[in-house]
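Below: structure.txt (compact mmCIF, C-alpha atoms and all ligand atoms)
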# COMPACT_ATOMS: atom_id res chain seq x y z
CA MET H 20 -98.20 -39.81 42.53
CA LEU H 21 -97.36 -36.13 42.99
CA PRO H 22 -95.23 -35.34 39.91
CA TYR H 23 -91.93 -33.41 40.05
CA GLY H 24 -93.22 -31.12 37.31
CA ARG H 25 -96.58 -30.65 35.70
CA GLN H 26 -98.08 -28.56 32.91
CA ASP H 27 -100.94 -26.16 33.56
CA ILE H 28 -103.61 -26.19 30.84
CA THR H 29 -106.43 -23.64 31.07
CA GLU H 30 -109.71 -23.20 29.20
CA SER H 31 -108.12 -20.40 27.17
CA ASP H 32 -105.31 -22.78 26.10
CA ILE H 33 -107.95 -25.25 24.95
CA ALA H 34 -109.87 -22.53 23.10
CA ALA H 35 -106.67 -21.40 21.35
CA VAL H 36 -105.94 -24.94 20.17
CA GLU H 37 -109.54 -25.47 19.13
CA ALA H 38 -109.46 -22.29 17.03
CA VAL H 39 -106.50 -23.69 15.07
CA LEU H 40 -108.26 -27.02 14.60
CA ARG H 41 -111.21 -25.15 13.05
CA SER H 42 -108.95 -23.00 10.84
CA ASP H 43 -107.38 -23.61 7.42
CA TYR H 44 -103.86 -24.37 8.66
CA LEU H 45 -102.81 -27.08 11.07
CA THR H 46 -99.15 -26.50 10.21
CA GLN H 47 -97.09 -23.89 8.33
CA GLY H 48 -99.85 -21.36 9.02
CA PRO H 49 -100.02 -18.00 10.78
CA ALA H 50 -99.64 -19.21 14.39
CA ILE H 51 -95.98 -20.10 13.84
CA PRO H 52 -94.65 -16.63 12.94
CA ARG H 53 -96.87 -15.15 15.67
CA PHE H 54 -95.38 -17.47 18.27
CA GLU H 55 -91.85 -16.85 17.00
CA GLN H 56 -92.34 -13.09 17.15
CA ALA H 57 -93.91 -13.24 20.62
CA ILE H 58 -91.02 -15.23 22.09
CA ALA H 59 -88.41 -13.08 20.31
CA ASP H 60 -90.11 -9.93 21.64
CA TYR H 61 -90.37 -11.35 25.15
CA CYS H 62 -86.64 -12.16 25.10
CA GLY H 63 -85.53 -9.02 23.32
CA ALA H 64 -83.99 -11.00 20.43
CA ALA H 65 -84.27 -10.10 16.76
CA HIS H 66 -85.42 -13.52 15.52
CA GLY H 67 -87.17 -16.66 16.73
CA ILE H 68 -87.26 -20.00 14.90
CA ALA H 69 -89.81 -22.52 16.17
CA VAL H 70 -89.12 -26.24 15.76
CA ASN H 71 -90.55 -29.52 17.01
CA SER H 72 -88.20 -29.87 20.03
CA ALA H 73 -85.26 -28.25 21.77
CA THR H 74 -83.23 -31.21 20.52
CA SER H 75 -84.01 -30.16 16.93
CA ALA H 76 -83.23 -26.54 17.81
CA LEU H 77 -79.83 -27.59 19.16
CA HIS H 78 -79.14 -29.66 16.04
CA THR H 79 -80.09 -26.89 13.58
CA ALA H 80 -78.17 -24.35 15.68
CA CYS H 81 -75.01 -26.51 15.42
CA LEU H 82 -75.50 -26.95 11.67
CA ALA H 83 -76.08 -23.23 11.16
CA LEU H 84 -72.78 -22.58 12.95
CA ASP H 85 -71.11 -25.05 10.54
CA LEU H 86 -70.25 -27.69 13.13
CA GLY H 87 -68.97 -30.78 11.36
CA PRO H 88 -66.53 -33.71 11.45
CA GLY H 89 -63.23 -32.79 13.12
CA ASP H 90 -64.87 -30.00 15.15
CA ARG H 91 -65.46 -30.04 18.91
CA LEU H 92 -68.42 -28.97 21.04
CA TRP H 93 -68.08 -28.60 24.80
CA THR H 94 -70.94 -28.61 27.28
CA SER H 95 -71.74 -29.40 30.90
CA PRO H 96 -71.97 -33.04 32.04
CA ASN H 97 -74.85 -31.99 34.32
CA THR H 98 -77.50 -31.80 31.62
CA PHE H 99 -79.93 -33.81 29.55
CA VAL H 100 -78.16 -35.87 26.86
CA ALA H 101 -79.56 -33.62 24.09
CA SER H 102 -77.11 -30.80 24.92
CA ALA H 103 -74.24 -33.09 23.86
CA ASN H 104 -75.92 -35.31 21.26
CA CYS H 105 -76.42 -32.33 18.91
CA ALA H 106 -72.67 -32.34 18.20
CA ARG H 107 -72.67 -36.02 17.37
CA TYR H 108 -75.56 -35.60 14.90
CA CYS H 109 -73.17 -33.28 13.03
CA GLY H 110 -70.28 -35.77 13.14
CA ALA H 111 -68.39 -33.56 15.61
CA ASP H 112 -66.73 -34.59 18.88
CA VAL H 113 -68.11 -33.83 22.33
CA ASP H 114 -66.19 -32.92 25.45
CA PHE H 115 -67.33 -31.65 28.82
CA VAL H 116 -66.39 -28.98 31.34
CA ASP H 117 -67.05 -29.83 34.98
CA ILE H 118 -69.57 -27.86 37.04
CA ASP H 119 -69.30 -25.23 39.73
CA PRO H 120 -70.09 -26.96 43.04
CA ARG H 121 -72.21 -24.02 44.17
CA THR H 122 -74.37 -23.27 41.12
CA TYR H 123 -74.23 -26.73 39.44
CA ASN H 124 -73.69 -24.85 36.16
CA LEU H 125 -70.64 -25.26 33.94
CA SER H 126 -67.70 -23.77 35.84
CA VAL H 127 -66.22 -20.73 34.12
CA GLU H 128 -62.87 -21.32 35.90
CA ALA H 129 -62.76 -24.91 34.64
CA LEU H 130 -63.69 -23.67 31.17
CA ALA H 131 -60.89 -21.07 31.19
CA ALA H 132 -58.34 -23.68 32.34
CA LYS H 133 -59.45 -26.22 29.75
CA LEU H 134 -59.36 -23.62 26.96
CA GLU H 135 -55.80 -22.67 27.89
CA GLN H 136 -54.72 -26.33 27.62
CA ALA H 137 -56.69 -26.83 24.41
CA GLU H 138 -55.05 -23.84 22.80
CA THR H 139 -51.62 -25.36 23.39
CA ALA H 140 -52.78 -28.77 22.19
CA GLY H 141 -54.61 -27.35 19.17
CA THR H 142 -57.91 -28.82 20.31
CA LEU H 143 -60.05 -25.71 20.88
CA PRO H 144 -63.83 -26.15 20.61
CA LYS H 145 -65.85 -24.58 17.81
CA ILE H 146 -68.97 -24.33 20.00
CA VAL H 147 -69.57 -24.19 23.76
CA VAL H 148 -73.08 -24.94 25.06
CA PRO H 149 -73.67 -23.48 28.54
CA VAL H 150 -76.79 -24.99 30.12
CA HIS H 151 -78.80 -22.81 32.50
CA PHE H 152 -79.33 -25.68 34.90
CA ALA H 153 -82.59 -25.62 36.89
CA GLY H 154 -83.29 -22.22 35.31
CA GLN H 155 -80.34 -20.41 36.90
CA PRO H 156 -78.40 -18.38 34.31
CA CYS H 157 -74.75 -19.23 33.70
CA ASP H 158 -72.20 -16.45 33.93
CA MET H 159 -72.70 -15.46 30.30
CA GLN H 160 -70.61 -12.31 30.37
CA ALA H 161 -67.52 -14.26 31.46
CA ILE H 162 -68.24 -16.96 28.89
CA GLY H 163 -68.64 -14.24 26.25
CA VAL H 164 -65.19 -12.87 27.10
CA LEU H 165 -63.67 -16.35 26.67
CA ALA H 166 -65.59 -16.84 23.40
CA HIS H 167 -64.07 -13.65 22.06
CA ARG H 168 -60.58 -14.57 23.21
CA TYR H 169 -60.57 -18.17 21.93
CA GLY H 170 -62.86 -17.73 18.94
CA PHE H 171 -65.61 -20.20 19.76
CA ARG H 172 -69.35 -19.76 19.22
CA VAL H 173 -71.93 -20.01 22.02
CA ILE H 174 -75.31 -21.76 22.03
CA GLU H 175 -77.19 -21.27 25.32
CA ASP H 176 -79.24 -24.33 26.26
CA ALA H 177 -82.04 -22.46 28.02
CA SER H 178 -84.42 -25.45 28.05
CA HIS H 179 -84.94 -24.75 31.78
CA ALA H 180 -84.74 -21.01 31.60
CA ILE H 181 -87.44 -19.21 29.66
CA GLY H 182 -88.44 -16.35 31.96
CA ALA H 183 -85.03 -16.23 33.65
CA ARG H 184 -83.10 -12.96 33.74
CA TYR H 185 -79.37 -12.40 33.52
CA GLN H 186 -78.12 -8.99 34.70
CA GLY H 187 -81.76 -7.90 34.66
CA GLU H 188 -82.28 -8.87 31.02
CA PRO H 189 -84.23 -11.85 29.66
CA VAL H 190 -82.31 -15.04 28.94
CA GLY H 191 -82.70 -15.49 25.18
CA ASN H 192 -81.64 -11.99 24.15
CA CYS H 193 -78.33 -13.55 23.00
CA ARG H 194 -76.33 -10.62 24.33
CA PHE H 195 -73.37 -12.94 25.03
CA SER H 196 -74.19 -15.81 22.67
CA ASP H 197 -74.94 -16.61 19.03
CA ILE H 198 -78.11 -18.62 19.63
CA THR H 199 -80.34 -19.51 22.58
CA VAL H 200 -82.50 -22.64 22.63
CA PHE H 201 -85.73 -23.23 24.60
CA SER H 202 -87.77 -26.39 25.20
CA PHE H 203 -91.55 -26.57 25.51
CA HIS H 204 -91.82 -30.16 26.71
CA PRO H 205 -94.64 -30.43 29.29
CA VAL H 206 -92.30 -30.56 32.32
CA LYS H 207 -90.63 -27.30 31.29
CA ILE H 208 -91.76 -23.76 32.20
CA ILE H 209 -94.31 -23.34 29.39
CA THR H 210 -95.39 -26.06 26.98
CA THR H 211 -96.46 -26.78 23.42
CA GLY H 212 -96.73 -30.56 24.03
CA GLU H 213 -93.45 -31.10 22.22
CA GLY H 214 -91.60 -28.13 20.84
CA GLY H 215 -88.56 -25.91 20.86
CA LEU H 216 -87.42 -22.53 19.68
CA ALA H 217 -84.13 -20.84 18.88
CA THR H 218 -83.54 -17.10 19.25
CA THR H 219 -80.72 -15.16 17.60
CA ASN H 220 -79.83 -11.62 16.58
CA ASP H 221 -78.08 -12.80 13.42
CA LEU H 222 -80.34 -12.75 10.36
CA ALA H 223 -78.15 -15.19 8.40
CA LEU H 224 -78.25 -17.74 11.25
CA ALA H 225 -82.03 -17.27 11.57
CA GLU H 226 -82.60 -17.85 7.86
CA ARG H 227 -80.34 -20.88 7.83
CA MET H 228 -82.06 -22.49 10.85
CA ALA H 229 -85.47 -21.82 9.27
CA ARG H 230 -84.26 -23.51 6.08
CA LEU H 231 -82.72 -26.48 7.88
CA ARG H 232 -86.02 -27.06 9.70
CA THR H 233 -87.69 -27.68 6.36
CA HIS H 234 -85.36 -29.91 4.31
CA GLY H 235 -82.85 -27.19 3.37
CA ILE H 236 -85.36 -25.92 0.81
CA THR H 237 -85.51 -22.31 -0.38
CA ARG H 238 -87.94 -20.38 -2.57
CA ALA H 239 -85.73 -17.27 -2.67
CA PRO H 240 -84.48 -16.73 -6.27
CA ALA H 241 -81.32 -15.03 -4.92
CA LEU H 242 -80.28 -18.30 -3.22
CA MET H 243 -81.03 -20.57 -6.18
CA GLN H 244 -78.61 -22.00 -8.68
CA GLY H 245 -79.45 -20.38 -12.00
CA LYS H 246 -82.79 -18.72 -12.65
CA PRO H 247 -85.96 -20.22 -11.13
CA ALA H 248 -87.63 -22.51 -13.70
CA GLY H 249 -90.97 -20.82 -12.90
CA PRO H 250 -93.04 -19.42 -10.06
CA TRP H 251 -93.47 -22.95 -8.66
CA ASP H 252 -89.75 -23.54 -8.31
CA TYR H 253 -88.00 -24.41 -5.08
CA GLN H 254 -84.52 -25.74 -4.56
CA GLN H 255 -82.93 -27.87 -1.89
CA ILE H 256 -79.61 -26.08 -1.44
CA GLU H 257 -78.37 -28.13 1.53
CA LEU H 258 -79.49 -31.18 3.47
CA GLY H 259 -82.16 -30.30 6.03
CA TYR H 260 -84.84 -32.06 8.03
CA ASN H 261 -88.53 -31.93 8.84
CA TYR H 262 -88.26 -30.25 12.24
CA ARG H 263 -91.39 -28.12 11.89
CA MET H 264 -93.64 -27.15 14.77
CA THR H 265 -97.39 -27.33 14.05
CA ASP H 266 -99.80 -24.39 14.35
CA ILE H 267 -101.64 -26.41 16.99
CA GLN H 268 -98.51 -26.37 19.13
CA ALA H 269 -97.69 -22.73 18.41
CA ALA H 270 -101.22 -21.63 19.41
CA LEU H 271 -100.85 -23.50 22.71
CA GLY H 272 -97.44 -21.88 23.25
CA LEU H 273 -98.81 -18.38 22.54
CA SER H 274 -101.59 -18.93 25.03
CA GLN H 275 -99.18 -20.31 27.67
CA LEU H 276 -96.81 -17.38 27.17
CA GLN H 277 -99.49 -15.04 28.57
CA ARG H 278 -98.99 -16.72 31.96
CA LEU H 279 -95.19 -17.05 31.91
CA GLU H 280 -94.54 -14.23 34.40
CA ASP H 281 -97.16 -15.63 36.80
CA TYR H 282 -95.57 -19.07 36.53
CA ILE H 283 -92.12 -17.75 37.38
CA GLU H 284 -93.48 -15.76 40.31
CA GLN H 285 -95.32 -18.77 41.69
CA ARG H 286 -92.20 -20.93 41.30
CA HIS H 287 -90.32 -18.34 43.36
CA VAL H 288 -93.00 -18.35 46.06
CA LEU H 289 -92.83 -22.14 46.33
CA ALA H 290 -89.03 -22.30 46.17
CA SER H 291 -88.68 -19.67 48.89
CA ARG H 292 -91.08 -21.67 51.01
CA TYR H 293 -88.95 -24.78 50.44
CA ASP H 294 -85.85 -22.75 51.37
CA ARG H 295 -87.45 -21.68 54.62
CA LEU H 296 -89.00 -24.98 55.65
CA LEU H 297 -85.99 -27.12 54.71
CA ALA H 298 -83.43 -24.84 56.36
CA LYS H 299 -83.05 -26.96 59.50
CA MET H 300 -82.77 -30.31 57.73
CA PRO H 301 -79.34 -31.96 57.21
CA ILE H 302 -79.50 -31.42 53.44
CA SER H 303 -78.27 -28.69 51.06
CA ILE H 304 -80.82 -26.51 49.32
CA PRO H 305 -80.02 -25.09 45.87
CA TYR H 306 -78.08 -21.83 45.68
CA ARG H 307 -79.85 -18.85 44.10
CA ASP H 308 -77.89 -15.89 42.80
CA SER H 309 -79.63 -12.70 43.91
CA CYS H 310 -78.18 -10.74 40.94
CA HIS H 311 -80.03 -12.85 38.38
CA ARG H 312 -83.55 -14.30 38.25
CA SER H 313 -83.75 -18.07 38.00
CA ALA H 314 -86.72 -19.56 36.13
CA LEU H 315 -86.69 -22.27 38.85
CA HIS H 316 -87.47 -25.16 36.57
CA LEU H 317 -86.09 -27.52 39.23
CA TYR H 318 -85.51 -27.58 42.97
CA PRO H 319 -82.52 -29.96 43.33
CA ILE H 320 -81.39 -30.76 46.86
CA GLN H 321 -78.28 -32.62 48.06
CA VAL H 322 -79.19 -35.28 50.62
CA GLY H 323 -75.84 -36.76 51.60
CA ALA H 324 -74.73 -40.37 51.41
CA ASN H 325 -78.16 -42.05 51.65
CA ARG H 326 -79.70 -40.79 48.44
CA ARG H 327 -81.01 -44.14 47.29
CA GLY H 328 -82.97 -44.88 50.48
CA ILE H 329 -84.35 -41.36 50.76
CA PHE H 330 -85.40 -41.43 47.09
CA GLU H 331 -87.11 -44.80 47.56
CA ASP H 332 -88.95 -43.65 50.69
CA LEU H 333 -90.26 -40.56 48.87
CA ARG H 334 -91.39 -42.52 45.83
CA GLU H 335 -93.04 -45.12 48.04
CA ALA H 336 -94.99 -42.33 49.75
CA GLY H 337 -96.25 -41.10 46.38
CA ILE H 338 -93.86 -38.17 46.03
CA GLY H 339 -92.66 -38.13 42.41
CA VAL H 340 -89.09 -37.07 43.00
CA ASN H 341 -86.51 -37.32 40.23
CA VAL H 342 -82.76 -37.02 39.69
CA HIS H 343 -81.22 -34.31 37.49
CA TYR H 344 -78.85 -35.29 36.00
CA ILE H 345 -76.98 -38.52 35.51
CA PRO H 346 -73.71 -37.03 34.16
CA VAL H 347 -73.87 -37.40 30.38
CA HIS H 348 -70.31 -38.78 30.07
CA THR H 349 -71.28 -41.77 32.26
CA GLN H 350 -73.98 -42.96 29.84
CA PRO H 351 -72.97 -46.25 28.17
CA ASP H 352 -73.06 -44.63 24.74
CA TYR H 353 -70.55 -42.02 25.99
CA LEU H 354 -68.34 -44.49 27.85
CA ARG H 355 -68.03 -46.20 24.47
CA LEU H 356 -66.49 -42.97 23.13
CA GLY H 357 -63.74 -43.19 25.75
CA PHE H 358 -65.14 -41.22 28.68
CA ARG H 359 -64.55 -42.71 32.13
CA LEU H 360 -66.12 -42.55 35.57
CA GLY H 361 -64.10 -39.95 37.45
CA ASP H 362 -63.55 -37.69 34.42
CA PHE H 363 -65.77 -34.92 35.85
CA PRO H 364 -65.76 -35.52 39.61
CA ILE H 365 -67.78 -32.48 40.71
CA SER H 366 -70.70 -33.48 38.47
CA GLU H 367 -70.45 -37.07 39.61
CA GLY H 368 -70.33 -36.09 43.29
CA TYR H 369 -73.27 -33.74 42.86
CA TYR H 370 -75.27 -36.42 41.03
CA SER H 371 -74.63 -39.04 43.73
CA GLN H 372 -76.51 -36.93 46.30
CA ALA H 373 -79.10 -35.21 44.09
CA ILE H 374 -82.88 -35.36 44.37
CA SER H 375 -85.23 -32.94 42.58
CA LEU H 376 -88.26 -32.15 44.70
CA PRO H 377 -91.65 -31.53 43.06
CA LEU H 378 -92.03 -27.92 41.90
CA PHE H 379 -94.67 -26.61 39.53
CA PRO H 380 -96.84 -23.48 39.59
CA THR H 381 -100.13 -25.17 40.49
CA MET H 382 -98.60 -27.09 43.38
CA THR H 383 -100.49 -26.34 46.60
CA GLU H 384 -99.03 -25.61 50.02
CA VAL H 385 -100.70 -28.78 51.28
CA GLN H 386 -98.87 -30.80 48.63
CA GLN H 387 -95.63 -29.03 49.43
CA ASP H 388 -96.08 -29.69 53.17
CA ALA H 389 -96.54 -33.38 52.38
CA VAL H 390 -93.25 -33.37 50.45
CA ILE H 391 -91.43 -31.66 53.30
CA GLU H 392 -92.85 -33.95 55.97
CA THR H 393 -92.15 -37.12 54.00
CA LEU H 394 -88.64 -35.90 53.23
CA SER H 395 -87.87 -35.06 56.85
CA ILE H 396 -88.97 -38.53 57.99
CA ALA H 397 -86.99 -40.19 55.17
CA VAL H 398 -83.83 -38.21 55.90
CA PHE H 399 -84.07 -38.91 59.63
CA ARG H 400 -84.78 -42.62 59.14
CA ARG H 401 -82.11 -43.23 56.47
CA ASN H 402 -79.41 -41.24 58.24
CA LEU H 403 -80.11 -43.20 61.41
CA MET H 404 -80.33 -46.57 59.66
CA PRO H 405 -78.60 -46.30 56.28
CA THR H 406 -78.77 -50.03 55.57
CA LEU H 407 -82.53 -50.31 56.02
CA GLY H 408 -84.23 -52.41 53.34
C1 LIG H 501 -85.56 -30.97 28.02
C2 LIG H 501 -84.17 -30.60 27.68
C3 LIG H 501 -83.66 -30.69 26.37
C4 LIG H 501 -84.44 -31.32 25.25
O1 LIG H 501 -85.67 -30.74 25.07
P1 LIG H 501 -86.72 -31.42 24.06
O2 LIG H 501 -87.66 -30.30 23.74
O3 LIG H 501 -87.37 -32.52 24.83
O4 LIG H 501 -85.98 -31.91 22.88
C5 LIG H 501 -82.39 -30.24 26.12
N1 LIG H 501 -81.62 -29.76 27.10
C6 LIG H 501 -82.05 -29.67 28.38
C7 LIG H 501 -81.15 -29.10 29.42
C8 LIG H 501 -83.33 -30.11 28.71
O5 LIG H 501 -83.75 -30.07 29.97
Show this structure as structure tokens.
Amino acid sequence: MLPYGRQDITESDIAAVEAVLRSDYLTQGPAIPRFEQAIADYCGAAHGIAVNSATSALHTACLALDLGPGDRLWTSPNTFVASANCARYCGADVDFVDIDPRTYNLSVEALAAKLEQAETAGTLPKIVVPVHFAGQPCDMQAIGVLAHRYGFRVIEDASHAIGARYQGEPVGNCRFSDITVFSFHPVKIITTGEGGLATTNDLALAERMARLRTHGITRAPALMQGKPAGPWDYQQIELGYNYRMTDIQAALGLSQLQRLEDYIEQRHVLASRYDRLLAKMPISIPYRDSCHRSALHLYPIQVGANRRGIFEDLREAGIGVNVHYIPVHTQPDYLRLGFRLGDFPISEGYYSQAISLPLFPTMTEVQQDAVIETLSIAVFRRNLMPTLG
């Protein structure tokens, strides 16, 4: 099966991991700060905090921004469940803002309208989590203006978007946000196996996230209650977790980071080829904003009313297509909270026609041609005979 996304592991990645395995530290060693600094430098952010997943990064980011019971976090329904679940871990409430039908990102107009209503109702969010869906940056400047006006904090979910650029600057520099979160799961742009990282320009947020990743423990005398009992002393000053990344993972990430620019370039070559070769088919190809650089994590097309049949035909032919995303509010665990089908119609309509085609940097033109040919047959066949078994 041709996968929809695939990691690229080179001999130098393997050598980097092997070097850690032969060293003194498998975790909490020197590879972690090196990786954090390298990502922060790449993004142009002051601080980087590595953790064991983007989910953990989102959770610690929410905690560092003091999200708690009675607070609200808003995000896009067109995302992985983790972008919303982070609020619930903190005992806060989740709500959603529907997407822009062109970019599939959270709609800034819908956000502005919902904020205006929430202000009247006294239900403003404490945090908004824009998700750079498929690697395409959200309109962060406009969101930043709203954040200033309504007093909410912003966590960018950039799980799809390391290597993306907004207004010519790297996503992750937090110019219009408090914190940006990346994922290094193997299907994402670069990988550490499992892993995540938060960037921020705020030293206090950075220190708090670093503390929350390791049980809320500090060794800084200034933060302790009373005087340290001795040089061995540490204090747990709030409840944290074990969300640490290992040095094995960080070394892999550092090695992968060397190829990030090449990966993004190759994704653009393949996506442009898709754009060209799919242009005549009765489907919609994803919009790309020429002012910003997408990281092109995904290539989601809209196939019309016969999504199921087309999806099945592709899978049957060994093309590992996928669907991004089932709107989060339609998950049973969210319906239980009171959300309903129809609450966010643009996301639901988008989802009903969505298929993500395979896209990864080592994909060959031959593989891509096979995807295109299989897709064109499937679209033709299913549009002609929608009820085919
Ligand atoms: C993958 C992903 C996450 C979660 O990342 P993990 O590292 O697997 O925890 C969160 N948000 C989005 C949008 C994602 O795609």
Contacts with ligand LIG 501 (chain H) at most 7 Å, only C-alpha atoms and all ligand atoms counted, listed as a PyMOL selection string
chain H and resi 72-75+98-99+101-102+150+152+176-179+202-204+213-215
Find the distance between atom CA of H:Arg227 and atom CA of H:Leu258 and write it in Å to one decimal.
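Computed distance, atom CA of H:Arg227 to atom CA of H:Leu258, equals 11.2 Å.
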Could you name the residues that touch H:Tyr353 at 10 Å or less, counting only C-alpha atoms, but leaving out those on the same chain fewer than 4 positions away, as a VMD selection string?
chain H and resid 100 103 to 104 113 347 to 349 357 to 359
Best match for closeness to H:Phe363 among H:Trp93, H:Tyr306, H:Phe379, H:Phe115, counting only C-alpha atoms:
H:Phe115
Starting from 4 Å padding per side, set up an axis-aligned box that covers all listed atoms of stretch 230-238 of chain H and hand over centre and edge lengths in Å, one decimal, as lines of an AutoDock Vina configuration file.
center_x = -85.3
center_y = -25.1
center_z = 3.6
size_x = 13.2
size_y = 17.5
size_z = 20.3
Would you mind reading off the distance between atom CA of H:Ser313 and atom CA of H:Gly339, one decimal, in Å?
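Atom-to-atom, atom CA of H:Ser313 to atom CA of H:Gly339, that is 22.4 Å.
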Skipping near chain neighbours, those fewer than 3 positions away, what residues fall within 7 Å of H:Phe54 using all atoms listed in the file, listed as a list in words?
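Contacts, in chain order: Ala50, Ile51, Ala57, Ile58, Ala269, Gly272 and Leu273 of chain H.
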Spatial neighbours of H:Gln254, max dist 8 Å, only C-alpha atoms, sep filter under 6 positions, as a PyMOL selection string:
chain H and resi 236-238+243
My list of candidates is H:Tyr262, H:Tyr123, H:Gln160, H:Asn220. Which is closest to H:Gln321 when distances are computed with only C-alpha atoms?
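Selected residue with least distance to H:Gln321: H:Tyr123.
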So which one's closest to H:Glu128, H:Val116, H:Asp352, H:Asp32, H:Ala111? Using only C-alpha atoms, please.
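Of all the options, H:Val116 lies closest to H:Glu128.
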H:Thr211, H:Gly182, H:Val342, H:Glu367 ranked by distance to H:Ile267, top pick (using all atoms listed in the file)
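So, comparing all the options, the nearest one is H:Thr211.
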Could you name the residues that touch H:Ser371 at 10 Å or less, counting all atoms listed in the file, but leaving out those on the same chain fewer than 5 positions away, as a list in words?
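Result of the neighbour search: Gln321, Val322, Gly323, Ala324, Asn325, Arg326, Arg327, Val342, Tyr344, Ile345, Pro346, Ile365 and Ser366 of chain H.
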Take atom CA of H:Gly212 and atom CA of H:Leu271 and report the distance between them in Å, one decimal.
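About the pair atom CA of H:Gly212 and atom CA of H:Leu271: they are 8.3 Å apart.
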Between H:Ile304, H:Leu134, H:Ala183, H:Leu45, which one has atoms that come closest to H:Ser291, using all atoms listed in the file?
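Using all atoms listed in the file, H:Ser291 sits closest to H:Ile304.
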Looking at H:Gln277, H:Asn71, H:Arg194, H:Val127, which one is nearest to H:Thr233, with distances taken over all atoms listed in the file?
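The closest residue to H:Thr233 is H:Asn71.
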What's around H:Pro52 at 10 Å? Count only C-alpha atoms, leave out sequence neighbours fewer than 4 positions away in its own chain, and write the answer as an MDAnalysis selection string.
chainID H and resid 47:48 56:58 67:69 266 269
Repaired coordinates for stretch 209-225 of chain H (N, CA and C atoms) as a PDB file, keeping the file's coordinate frame:
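Saved result, out.pdb, follows:
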ATOM      1  N   ILE H 209     -93.067 -23.403  30.159  1.00  0.00           N
ATOM      2  CA  ILE H 209     -94.310 -23.340  29.390  1.00  0.00           C
ATOM      3  C   ILE H 209     -94.247 -24.453  28.340  1.00  0.00           C
ATOM      4  N   THR H 210     -95.405 -24.887  27.853  1.00  0.00           N
ATOM      5  CA  THR H 210     -95.390 -26.060  26.980  1.00  0.00           C
ATOM      6  C   THR H 210     -96.146 -25.865  25.681  1.00  0.00           C
ATOM      7  N   THR H 211     -95.701 -26.636  24.669  1.00  0.00           N
ATOM      8  CA  THR H 211     -96.460 -26.780  23.420  1.00  0.00           C
ATOM      9  C   THR H 211     -96.723 -28.272  23.165  1.00  0.00           C
ATOM     10  N   GLY H 212     -96.640 -29.099  24.202  1.00  0.00           N
ATOM     11  CA  GLY H 212     -96.730 -30.560  24.030  1.00  0.00           C
ATOM     12  C   GLY H 212     -95.340 -31.107  23.784  1.00  0.00           C
ATOM     13  N   GLU H 213     -94.866 -31.005  22.570  1.00  0.00           N
ATOM     14  CA  GLU H 213     -93.450 -31.100  22.220  1.00  0.00           C
ATOM     15  C   GLU H 213     -93.149 -29.795  21.494  1.00  0.00           C
ATOM     16  N   GLY H 214     -91.926 -29.336  21.588  1.00  0.00           N
ATOM     17  CA  GLY H 214     -91.600 -28.130  20.840  1.00  0.00           C
ATOM     18  C   GLY H 214     -90.343 -27.467  21.351  1.00  0.00           C
ATOM     19  N   GLY H 215     -89.755 -26.666  20.491  1.00  0.00           N
ATOM     20  CA  GLY H 215     -88.560 -25.910  20.860  1.00  0.00           C
ATOM     21  C   GLY H 215     -88.479 -24.658  20.028  1.00  0.00           C
ATOM     22  N   LEU H 216     -87.568 -23.788  20.417  1.00  0.00           N
ATOM     23  CA  LEU H 216     -87.420 -22.530  19.680  1.00  0.00           C
ATOM     24  C   LEU H 216     -86.008 -22.009  19.886  1.00  0.00           C
ATOM     25  N   ALA H 217     -85.446 -21.459  18.796  1.00  0.00           N
ATOM     26  CA  ALA H 217     -84.130 -20.840  18.880  1.00  0.00           C
ATOM     27  C   ALA H 217     -84.285 -19.346  18.675  1.00  0.00           C
ATOM     28  N   THR H 218     -83.587 -18.539  19.487  1.00  0.00           N
ATOM     29  CA  THR H 218     -83.540 -17.100  19.250  1.00  0.00           C
ATOM     30  C   THR H 218     -82.121 -16.726  18.818  1.00  0.00           C
ATOM     31  N   THR H 219     -82.021 -15.677  18.032  1.00  0.00           N
ATOM     32  CA  THR H 219     -80.720 -15.160  17.600  1.00  0.00           C
ATOM     33  C   THR H 219     -80.897 -13.723  17.135  1.00  0.00           C
ATOM     34  N   ASN H 220     -79.802 -12.978  17.132  1.00  0.00           N
ATOM     35  CA  ASN H 220     -79.830 -11.620  16.580  1.00  0.00           C
ATOM     36  C   ASN H 220     -79.220 -11.561  15.186  1.00  0.00           C
ATOM     37  N   ASP H 221     -78.799 -12.730  14.697  1.00  0.00           N
ATOM     38  CA  ASP H 221     -78.080 -12.800  13.420  1.00  0.00           C
ATOM     39  C   ASP H 221     -79.038 -13.298  12.342  1.00  0.00           C
ATOM     40  N   LEU H 222     -79.354 -12.413  11.392  1.00  0.00           N
ATOM     41  CA  LEU H 222     -80.340 -12.750  10.360  1.00  0.00           C
ATOM     42  C   LEU H 222     -79.917 -13.966   9.541  1.00  0.00           C
ATOM     43  N   ALA H 223     -78.623 -14.061   9.214  1.00  0.00           N
ATOM     44  CA  ALA H 223     -78.150 -15.190   8.400  1.00  0.00           C
ATOM     45  C   ALA H 223     -78.339 -16.514   9.150  1.00  0.00           C
ATOM     46  N   LEU H 224     -78.047 -16.513  10.454  1.00  0.00           N
ATOM     47  CA  LEU H 224     -78.250 -17.740  11.250  1.00  0.00           C
ATOM     48  C   LEU H 224     -79.742 -18.075  11.315  1.00  0.00           C
ATOM     49  N   ALA H 225     -80.585 -17.059  11.480  1.00  0.00           N
ATOM     50  CA  ALA H 225     -82.030 -17.270  11.570  1.00  0.00           C
ATOM     51  C   ALA H 225     -82.557 -17.898  10.282  1.00  0.00           C
TER      52      ALA H 225
END
